[in-house]
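So this block is query_9.cif, mmCIF, C-alpha atoms:
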data_protein
loop_
_atom_site.label_atom_id
_atom_site.label_comp_id
_atom_site.auth_asym_id
_atom_site.auth_seq_id
_atom_site.Cartn_x
_atom_site.Cartn_y
_atom_site.Cartn_z
CA MET B 17 23.83 -14.52 -33.41
CA ALA B 18 23.28 -11.82 -30.82
CA ASN B 19 24.65 -12.44 -27.36
CA ILE B 20 21.47 -12.68 -25.29
CA ARG B 21 21.57 -13.77 -21.67
CA GLU B 22 19.30 -16.32 -20.03
CA SER B 23 16.73 -13.74 -19.00
CA GLY B 24 16.57 -12.42 -22.56
CA GLU B 25 16.05 -15.92 -23.90
CA ASN B 26 13.27 -16.42 -21.35
CA TYR B 27 11.58 -13.24 -22.60
CA LEU B 28 11.90 -14.37 -26.23
CA GLU B 29 10.44 -17.77 -25.39
CA LEU B 30 7.55 -16.18 -23.49
CA ILE B 31 6.82 -13.74 -26.31
CA LEU B 32 6.68 -16.66 -28.74
CA ASP B 33 4.41 -18.65 -26.41
CA LEU B 34 2.06 -15.69 -25.90
CA TYR B 35 1.96 -15.03 -29.63
CA ARG B 36 0.99 -18.65 -30.29
CA GLU B 37 -1.70 -18.48 -27.59
CA GLN B 38 -3.17 -15.05 -28.33
CA GLY B 39 -2.11 -14.01 -31.83
CA GLU B 40 -0.49 -10.83 -30.53
CA VAL B 41 1.61 -9.82 -27.56
CA ARG B 42 1.53 -6.67 -25.49
CA SER B 43 4.05 -5.66 -22.87
CA VAL B 44 1.32 -5.81 -20.21
CA ASP B 45 0.75 -9.51 -21.11
CA ILE B 46 4.42 -10.21 -20.47
CA ALA B 47 4.36 -8.32 -17.17
CA ARG B 48 1.29 -10.22 -15.98
CA ARG B 49 2.67 -13.62 -16.95
CA LEU B 50 6.02 -12.98 -15.26
CA GLY B 51 4.60 -11.10 -12.28
CA VAL B 52 6.93 -8.14 -12.85
CA SER B 53 6.40 -4.44 -13.40
CA ARG B 54 5.81 -2.97 -16.83
CA ALA B 55 8.97 -0.94 -16.28
CA SER B 56 10.97 -4.16 -15.92
CA VAL B 57 9.44 -5.48 -19.14
CA SER B 58 10.21 -2.20 -20.90
CA LYS B 59 13.86 -2.41 -19.86
CA ALA B 60 14.16 -6.03 -21.01
CA LEU B 61 12.48 -5.22 -24.33
CA GLY B 62 14.94 -2.37 -24.80
CA VAL B 63 17.84 -4.79 -24.51
CA LEU B 64 16.16 -7.19 -26.94
CA ARG B 65 15.43 -4.33 -29.34
CA GLU B 66 19.09 -3.27 -29.30
CA ALA B 67 20.06 -6.88 -30.06
CA GLY B 68 17.70 -6.90 -33.04
CA MET B 69 15.35 -9.47 -31.52
CA VAL B 70 12.17 -7.39 -31.20
CA GLU B 71 10.75 -4.53 -33.24
CA PRO B 72 9.93 -1.22 -31.60
CA ALA B 73 6.58 -1.52 -29.83
CA TYR B 74 3.67 0.36 -31.37
CA TYR B 75 0.60 0.78 -29.18
CA GLY B 76 2.10 -1.65 -26.69
CA LYS B 77 2.41 -4.53 -29.16
CA VAL B 78 5.58 -6.60 -29.06
CA VAL B 79 6.72 -8.22 -32.29
CA LEU B 80 9.67 -10.56 -32.73
CA THR B 81 12.01 -9.89 -35.63
CA GLU B 82 12.97 -12.80 -37.85
CA ALA B 83 16.12 -13.26 -35.76
CA GLY B 84 14.08 -13.05 -32.56
CA MET B 85 11.58 -15.60 -33.82
CA GLN B 86 14.40 -17.98 -34.77
CA ARG B 87 16.12 -17.60 -31.41
CA ALA B 88 12.84 -18.03 -29.50
CA ALA B 89 11.98 -21.16 -31.51
CA GLU B 90 15.43 -22.62 -30.81
CA VAL B 91 15.06 -22.04 -27.07
CA ARG B 92 11.53 -23.49 -27.09
CA ALA B 93 12.73 -26.57 -29.02
CA ARG B 94 15.60 -27.15 -26.55
CA HIS B 95 13.13 -26.80 -23.68
CA GLU B 96 10.69 -29.30 -25.16
CA LEU B 97 13.45 -31.79 -25.98
CA LEU B 98 14.96 -31.58 -22.49
CA CYS B 99 11.56 -31.85 -20.84
CA ARG B 100 10.67 -34.88 -22.92
CA TYR B 101 13.95 -36.59 -22.02
CA LEU B 102 13.54 -35.86 -18.32
CA VAL B 103 9.99 -37.23 -18.27
CA GLU B 104 10.22 -40.15 -20.70
CA VAL B 105 13.70 -41.45 -20.02
CA LEU B 106 14.50 -40.40 -16.48
CA GLY B 107 10.96 -40.56 -15.11
CA VAL B 108 11.02 -37.08 -13.62
CA SER B 109 7.60 -35.56 -12.86
CA ARG B 110 6.27 -33.17 -15.51
CA GLU B 111 6.34 -30.25 -13.08
CA THR B 112 9.96 -30.86 -12.11
CA ALA B 113 10.93 -31.49 -15.72
CA GLU B 114 9.44 -28.14 -16.79
CA THR B 115 11.37 -26.30 -14.07
CA ASP B 116 14.65 -28.09 -14.73
CA ALA B 117 14.36 -27.83 -18.51
CA CYS B 118 13.82 -24.08 -18.17
CA ARG B 119 17.17 -23.81 -16.40
CA MET B 120 19.04 -26.29 -18.58
CA GLU B 121 17.89 -24.98 -21.97
CA HIS B 122 20.28 -22.01 -21.73
CA VAL B 123 23.48 -23.88 -21.01
CA VAL B 124 23.42 -27.21 -22.84
CA SER B 125 25.77 -27.71 -25.75
CA ALA B 126 24.75 -28.35 -29.33
CA GLU B 127 26.44 -31.75 -29.00
CA MET B 128 24.21 -32.68 -26.07
CA ILE B 129 21.09 -31.58 -27.95
CA GLU B 130 22.09 -33.77 -30.89
CA LYS B 131 22.68 -36.73 -28.57
CA LEU B 132 19.29 -36.19 -26.94
CA LYS B 133 17.61 -36.06 -30.35
CA HIS B 134 19.30 -39.31 -31.29
CA ALA B 135 18.36 -40.97 -27.99
CA LEU B 136 14.72 -39.94 -28.41
CA GLY B 137 14.55 -40.69 -32.13
CA VAL B 138 13.91 -37.05 -32.98
CA SER B 139 14.74 -35.56 -36.36
CA GLY B 140 14.81 -31.95 -37.50
CA GLU B 141 15.03 -28.73 -35.56
CA SER B 142 11.78 -28.76 -33.63
CA GLY B 143 12.74 -31.28 -31.00
CA MET B 144 9.68 -33.33 -31.86
CA PRO B 145 9.60 -36.65 -33.77
#

In structure tokens, what does this structure look like?
Amino acid sequence: MANIRESGENYLELILDLYREQGEVRSVDIARRLGVSRASVSKALGVLREAGMVEPAYYGKVVLTEAGMQRAAEVRARHELLCRYLVEVLGVSRETAETDACRMEHVVSAEMIEKLKHALGVSGESGMP
């Protein structure tokens, strides 16, 4: 799997979220959501394109490749699992859990994810029961 850094994973996750919300994603949507310039988004998308995670943008549309969709779904599933654990088991507020899960999702081991799934009674890849 392509070596994508934390910021790249955050972009992939956001593209997936925007796609689920809107049905299509444009670079301007990403820039607005992140509060960054379109030039910054363009640079990040270039890195993701080189890694084979997004297709070249036509008319400003951003489309995840199959590999990009898989990677984005994995990051989103780790986020949801971590957030659920923080809220349900540790009693962390939802807001804090969202922030912490966003940081943690990039560095946790596969072993930890499996242990969290077991602790929460979760099966499958999605992170949900």

- Query: Neighbours of B:Gly24 within 9 Å (all atoms listed in the file; same-chain residues fewer than 4 positions away dropped), as a ChimeraX atom specification?
  - Reply: /B:20,28-29,60-61,63-64

Expected file: the selected residues, C-alpha atoms, as a compact mmCIF listing (two decimals), in the coordinates of the input:
# COMPACT_ATOMS: atom_id res chain seq x y z
CA ILE B 20 21.47 -12.68 -25.29
CA LEU B 28 11.90 -14.37 -26.23
CA GLU B 29 10.44 -17.77 -25.39
CA ALA B 60 14.16 -6.03 -21.01
CA LEU B 61 12.48 -5.22 -24.33
CA VAL B 63 17.84 -4.79 -24.51
CA LEU B 64 16.16 -7.19 -26.94

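Restricting the calculation to all atoms listed in the file, the smallest distance between B:Arg65 and any of B:Leu50, B:Arg36, B:Gly137, B:Tyr27 is found for B:Tyr27.
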
- Please, what distance in Å, to one decimal, runs between atom CA of B:Ile31 and atom CA of B:Lys131? 28.0 Å

- Query: Rounded to one decimal in Å, what is the spacing between atom CA of B:Val79 and atom CA of B:Gly39?
  - Reply: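 According to the coordinates, atom CA of B:Val79 and atom CA of B:Gly39 are separated by 10.6 Å.
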
- Skipping near chain neighbours, those fewer than 2 positions away, what residues fall within 12 Å of stretch 111-128 of chain B using all atoms listed in the file, listed as a ChimeraX atom specification? /B:19-27,29-30,87-109,130-135,141

- Message: To one decimal place in Å, what is the distance between atom CA of B:Glu82 and atom CA of B:Val52?
- Response: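 Atom CA of B:Glu82 sits 26.1 Å away from atom CA of B:Val52.
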
I need the residue set behind the PyMOL selection byres ((chain B and resi 42) around 7) for this file; please write it as an mmCIF file with C-alpha atoms, keeping the file's coordinate frame.
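Final output, expr-v2.cif:
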data_model
loop_
_atom_site.group_PDB
_atom_site.id
_atom_site.type_symbol
_atom_site.label_atom_id
_atom_site.label_comp_id
_atom_site.auth_asym_id
_atom_site.auth_seq_id
_atom_site.Cartn_x
_atom_site.Cartn_y
_atom_site.Cartn_z
ATOM 1 C CA GLU B 40 -0.490 -10.830 -30.530
ATOM 2 C CA VAL B 41 1.610 -9.820 -27.560
ATOM 3 C CA SER B 43 4.050 -5.660 -22.870
ATOM 4 C CA VAL B 44 1.320 -5.810 -20.210
ATOM 5 C CA ASP B 45 0.750 -9.510 -21.110
ATOM 6 C CA ILE B 46 4.420 -10.210 -20.470
ATOM 7 C CA GLY B 76 2.100 -1.650 -26.690
ATOM 8 C CA LYS B 77 2.410 -4.530 -29.160
ATOM 9 C CA VAL B 78 5.580 -6.600 -29.060
#

Would you pick out the contacts of B:Leu80 at 7 Å or less, using all atoms listed in the file, so that residues sharing its chain but fewer than 2 positions from it are not included, and give the list as a compact mmCIF listing (two decimals) with C-alpha atoms, in the coordinates of the input?
# COMPACT_ATOMS: atom_id res chain seq x y z
CA MET B 69 15.35 -9.47 -31.52
CA VAL B 70 12.17 -7.39 -31.20
CA GLU B 71 10.75 -4.53 -33.24
CA VAL B 78 5.58 -6.60 -29.06
CA GLU B 82 12.97 -12.80 -37.85
CA GLY B 84 14.08 -13.05 -32.56
CA MET B 85 11.58 -15.60 -33.82

- Using all atoms listed in the file, find the one residue out of B:Val138, B:Val57, B:Ala67, B:Ile129 that sits nearest to B:Ala83.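 Closest to B:Ala83, using all atoms listed in the file: B:Ala67.
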
If the box runs along x, y and z of the file and leaves 4 Å on each side of stretch 122-127 of chain B, what are its centre and edge lengths in Å, one decimal, as AutoDock Vina command-line options?
--center_x 23.4 --center_y -26.9 --center_z -25.2 --size_x 14.2 --size_y 17.7 --size_z 16.3
